[in-house]
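Visitor: Here you go, one structure.
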Amino acid sequence: MWKKLAGIILNYRITILIIIAAITAFMAYKAKDVSLDYNYVSLLPKTDRYYIEFANFKKVFGEDANLTIIGIQDSNFFQLNKFNDWKKLQDSMKKIHGIKQVLSISNAVDIVKNMETKKFQGKPIFEKEIQTQQQLDSLAIIFKQRPFYNGLIYNDSTHTVLMVLTMDKDIINSKAREGMISDIDKLAGGFSKKYNTEVHYSGLPYARTKISLLIRGELFMFIFLAMFVTALILYLFFRSFKVVLFSMLIVGIGVVWSVGTMGIFDYKITILTGMIPPLIIIIGIPNCVYLLNKYHNEYRKSGDRYKSLYIMIHRVGTATFLTNVTAAIGFGAFIVTGNRFLVEFGVVASINIMGLSLLSVTLIPIFFSFLAPPKSRHTKHLDYKFINRFVEKLVYLVEHKRKLVYGVVILFMIISAYGITKVKTESYIIDDIPKSNPVYKDLKFLENNIGGVMPLEITIDTKKKKGVFQYNTLKKMDQLINRLSSVHDLSKPNSIVDALKFARQAYYNGSETAFKLPSQQELAFIFPYLPEQKENSNFNVIKSFVDSTQQITRISYRLNDVGTTKNKVLIDTISRIAQEIFPATKYNVVVTGSSIVFNQGTSFMVSNLFSSVLLAIILIAIFMATMFTSLRMIIISLVPNFVPLLLTAAVMGYFHIPLKPSTILVFSISFGISVDNAIRVLAKYRQDLIITGGKIQESAVLALHEIGISIVYTALILFFGFGIFTLSKFGGTQALGLLVSITLLISMFSNMIFLPALLLSIKHSVSGKAFEKPLILIEEDGINGNGGNGDVVETEIKP
């Protein structure tokens, strides 16, 4: 097949170029519509219990992750000019498009009892115009005597002041949120500059916006770095600007195709899909290296450009196709996770890796068929002494030091086994942001001074209408709140219980000591003063915390970003305490919220990623079975590629790199790519078996000599190519780049030493039978069975 394909490629060059140009133009057209993903998508499937519980919560109470918090720490906050400017800042924030509501000290509401109407009324604590410091001081005393606000927008003990912005959901999930966040930064920055006070920002909308901007910035940075690094390495190897130019053109087309694929499927740019364009560059260049090495090698032998290109296509084409299939399987395994982010990443990456195979095998011979033949200086890379000496040393180890090789492998496996036991699974909501980033620092500031910012909700279904306001229910809620007050990672709660405590304080004319849950008898007097849920009142929290039937209520907390492990313990603790207080026969208590859904989703994704790694291994093993009829050969081809994975897992354990979605990606990606080396070694080995008449040792040595240089070149390209991701500002992306680089470097040694050593050790068991009648034929290059070495061009080529 590949002989015929070689003839078609070289005889229909212009036609093929026109077709590829047309496809590229179409892909570029589709790519122009691709944009950043601004929507929050749950990591959990819609059938998951936690997903369903959170969806039910939002149906009753609305979105819980639409708050952005602005905070300052200032012991002299209640100075007249500063306070009035804070009030002006609050008023300016209200005018920003997308801000629905602003809550701060300057618009805090007091509850007063109207004796005429027998109703509570909301009255601003701070008047619109405060003229004197004395006036402000007296109002500040009143505010501090309202415990309802302490821990909500003010912490008296740490002098922390908050402004809480409620945002429009439609704006949060659109590009317009960038402008909204920018306006917030400018306004708050003006206050910060005027009073030399550091302003802190947090909340999920704010954090997601900042992260999405980082993603966009890094997308172009990594494309440039991938191009620069691979181009530099190519030039150092080949010493030819033409090789660099046309190789970059091929992977550049691959990048256009990858972004165009996202446009066709209507995918957005996420932290994962944003990595695909540089990945295409890094993975595509090795294809060019193998093809060009073969072309230069053959041209130096024959001096015939077209014959060399023909041999290059049909001899290296099969191996290039097979190696790209295994790489595509490594990425494609993410499709079965069921997670939208991973599915999109897997679909786009796997399709375009196969597209790269097509582009490389067609465009390299076409481009170089139009160019002048390579000069002697262009083929000097085949004779680089340091690389040849390196390969010779590896050959020596394989031929004469196999016991040492096996001993080292066994030692590494023992070290790996212990390291793997130290690996832990842990992930955080603001996980990939470095500790020096303002988003992370501001989050920790607010956690330490006023409580977390991640929403956690406890819903209580009384299973009967108006059951919320039964005294027994309210008393149990107060009991639950008191029990949970000892949990360090929870903020002060907000609920109907706090509102009723505030109402009791108002009923007793603002006495601070009256801030407590009304007794059953007091409720009878206080309830008539409460506004109806349908009323529009300055202070009507009933509709915020109780559903329309008064059957379901909520207790709202803010949670510290404690990580998946501690989060699970926290949920179990809250659930256990709630079950002790609320009998399941009368109440249904659910712990939910964005923080819970995220942490549970992360755990779900990690477990599914383990499945994807296993699936990738199984699929690649099945694929290898199509090339080798011997089970022993399949095992031989796979075992050397497990070694790098185990060593990488051990590195994670020893250096305390946790298993999380971004790091577990390493194993599927690395395995799919590292198996490429095994395929190329075994493909060349099979070809050399025919040349040598079945002499296994001679064939293994010949294969290692010829393919070794290309493996070293591509290993260095992959090592430094993936290494660029360590420059990311995201910790997960850094870990991914570092771990994949290490894995692929170890894979080079494993496939160049351990794999040939295994072949020689069991050479009597894996002779020609291992290659009999494979489903996928690795080309034999027109070589006769008597050990001839002539490649026959069977198709007429039109220069």
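By convention here, the chains of the structure tokens are called A, B, ... in the order presented, each chain's residues are numbered starting at 1, and ligands are numbered starting at 1 in the order presented.
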Skipping near chain neighbours, those fewer than 2 positions away, what residues fall within 12 Å of Lys401 in chain A using only C-alpha atoms, listed as a count of residues only?

Guide: 20

Visitor: Check range 129-221 of chain A with DSSP on the backbone and list each residue it calls strand (DSSP E or B), as a VMD selection string.

Guide: chain A and resid 150 154 to 155 160 to 167 200 to 202

Visitor: Need the shell around Ser747 in chain A: protein/DNA/RNA residues with any atom at most 8 Å away, counting only C-alpha atoms. Skip same-chain ones fewer than 3 positions apart. Format as a list in words?

Guide: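 So the residues in contact are Pro640, Asn641, Val643, Pro644, Ser674, Asn677, Thr743, Leu744, Ser750 and Asn751 of chain A.
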
Visitor: Check which residues of range 402-483 of chain A sit at most 9 Å from range 159-177 of chain A using only C-alpha atoms, and return one row each with the closest pair of atoms and their distance in Å to one decimal, ordered by chain and rising number, as a tab-separated table.

Guide:
residue	atom	partner	partner_atom	distance
A:Leu446	CA	A:Thr160	CA	8.7
A:Asn449	CA	A:Thr160	CA	6.6
A:Ile450	CA	A:Thr160	CA	7.2

Visitor: So which one's closest to Gly252 in chain A, A:Asn297, A:Ser611, A:Thr24, A:Ser138? Using only C-alpha atoms, please.

Guide: A:Thr24

Visitor: Residues within 12 Å of range 701-706 of chain A, please, as an MDAnalysis selection string. Count only C-alpha atoms; anything in the same chain fewer than 4 positions from it doesn't count.

Guide: chainID A and resid 290 293:294 297:298 382:383 387:400 677:692 695:697 710:712 748:749 751:757 759:760

Visitor: For Lys492 in chain A, find every residue with an atom within 10 Å (counting only C-alpha atoms), except residues of its own chain fewer than 5 positions away, and show them as a tab-separated table (two decimals) with C-alpha atoms, in the first residue's frame.

Guide:
chain	number	residue	atom	x	y	z
A	148	PHE	CA	-25.63	40.27	62.26
A	149	TYR	CA	-22.96	42.04	60.16
A	150	ASN	CA	-19.91	40.94	62.13
A	151	GLY	CA	-18.22	38.22	60.08
A	152	LEU	CA	-20.44	39.00	57.10
A	450	ILE	CA	-13.03	36.87	57.67
A	451	GLY	CA	-13.51	33.27	56.52
A	452	GLY	CA	-13.44	31.46	53.19
A	481	ILE	CA	-24.97	26.31	63.76
A	484	LEU	CA	-20.47	23.75	63.50
A	485	SER	CA	-18.98	26.92	65.03
A	556	SER	CA	-25.09	29.58	53.87
A	557	TYR	CA	-21.42	29.27	54.74
A	558	ARG	CA	-18.20	30.29	53.05
A	559	LEU	CA	-15.60	27.55	53.02

Visitor: Taking into account only C-alpha atoms, which residue in the set A:Leu80, A:Val251, A:Ile420, A:Leu225 is nearest to Thr132 in chain A?

Guide: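 That would be A:Leu80, the residue with the smallest distance to Thr132 in chain A.
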
Visitor: Choose the residue, out of A:Gln131, A:Ser603, A:Ser416, A:Asn114, that has the smallest atom-to-atom separation from Leu43 in chain A; count only C-alpha atoms.

Guide: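 Under the stated criterion, the closest residue is A:Ser603.
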
Visitor: Which is closest to Phe545 in chain A among A:Met454, A:Ile577, A:Ala649, A:Val60, if we use only C-alpha atoms?

Guide: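 Among the listed residues, A:Val60 lies closest to Phe545 in chain A.
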
Visitor: Need to verify the contact set: range 615-626 of chain A, 9 Å, only C-alpha atoms, exclusion of same-chain residues closer than 6 positions in sequence. Can you return it as a ChimeraX atom specification?

Guide: /A:322,325-326,329-334,336,633-635,637-638,668,671-672,675,679,774-777

Visitor: I need the chosen residues saved as a PDB file, in the first residue's frame, with C-alpha atoms.

Guide:
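again-v5.pdb, written as the output of this step:
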ATOM      1  CA  LEU A 322       1.514   3.607  13.587  1.00  0.00           C
ATOM      2  CA  VAL A 325      -2.061   6.116  16.062  1.00  0.00           C
ATOM      3  CA  THR A 326      -0.654   5.187  19.478  1.00  0.00           C
ATOM      4  CA  ILE A 329      -4.990   6.654  21.412  1.00  0.00           C
ATOM      5  CA  GLY A 330      -3.187   8.144  24.427  1.00  0.00           C
ATOM      6  CA  PHE A 331      -5.075  11.414  23.972  1.00  0.00           C
ATOM      7  CA  GLY A 332      -8.295   9.818  22.715  1.00  0.00           C
ATOM      8  CA  ALA A 333      -8.642   7.761  25.898  1.00  0.00           C
ATOM      9  CA  PHE A 334      -9.842  10.952  27.638  1.00  0.00           C
ATOM     10  CA  VAL A 336     -14.449   8.025  27.769  1.00  0.00           C
ATOM     11  CA  MET A 633       6.379  -9.742  21.424  1.00  0.00           C
ATOM     12  CA  ILE A 634       3.436  -7.629  22.547  1.00  0.00           C
ATOM     13  CA  ILE A 635       4.636  -7.884  26.143  1.00  0.00           C
ATOM     14  CA  SER A 637       7.032  -3.963  23.282  1.00  0.00           C
ATOM     15  CA  LEU A 638       4.944  -2.696  26.216  1.00  0.00           C
ATOM     16  CA  SER A 668      -1.977   8.576  29.111  1.00  0.00           C
ATOM     17  CA  PHE A 671       2.419   6.235  27.307  1.00  0.00           C
ATOM     18  CA  GLY A 672       0.888   7.020  23.931  1.00  0.00           C
ATOM     19  CA  VAL A 675       5.308   3.591  22.698  1.00  0.00           C
ATOM     20  CA  ILE A 679       7.179   0.775  17.339  1.00  0.00           C
ATOM     21  CA  PRO A 774       0.348  -9.257  10.879  1.00  0.00           C
ATOM     22  CA  LEU A 775      -2.932  -7.450  10.302  1.00  0.00           C
ATOM     23  CA  ILE A 776      -0.973  -4.233   9.731  1.00  0.00           C
ATOM     24  CA  LEU A 777       2.023  -4.842   7.500  1.00  0.00           C
TER      25      LEU A 777
END

Visitor: Need to verify the contact set: Phe720 in chain A, 10 Å, only C-alpha atoms, exclusion of same-chain residues closer than 2 positions in sequence. Can you return it as an MDAnalysis selection string?

Guide: chainID A and resid 226 229:230 233 282 714:718 722:725 737:738 741 745

Visitor: Would you work out the distance separating CA of Ile99 in chain A from CA of Arg146 in chain A, expressed in Å to one decimal?

Guide: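 Going from CA of Ile99 in chain A over to CA of Arg146 in chain A covers 26.2 Å.
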
Visitor: Quick one, how far is CA of Ala328 in chain A from CA of Gln734 in chain A?

Guide: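 These atoms are spaced 22.3 Å apart.
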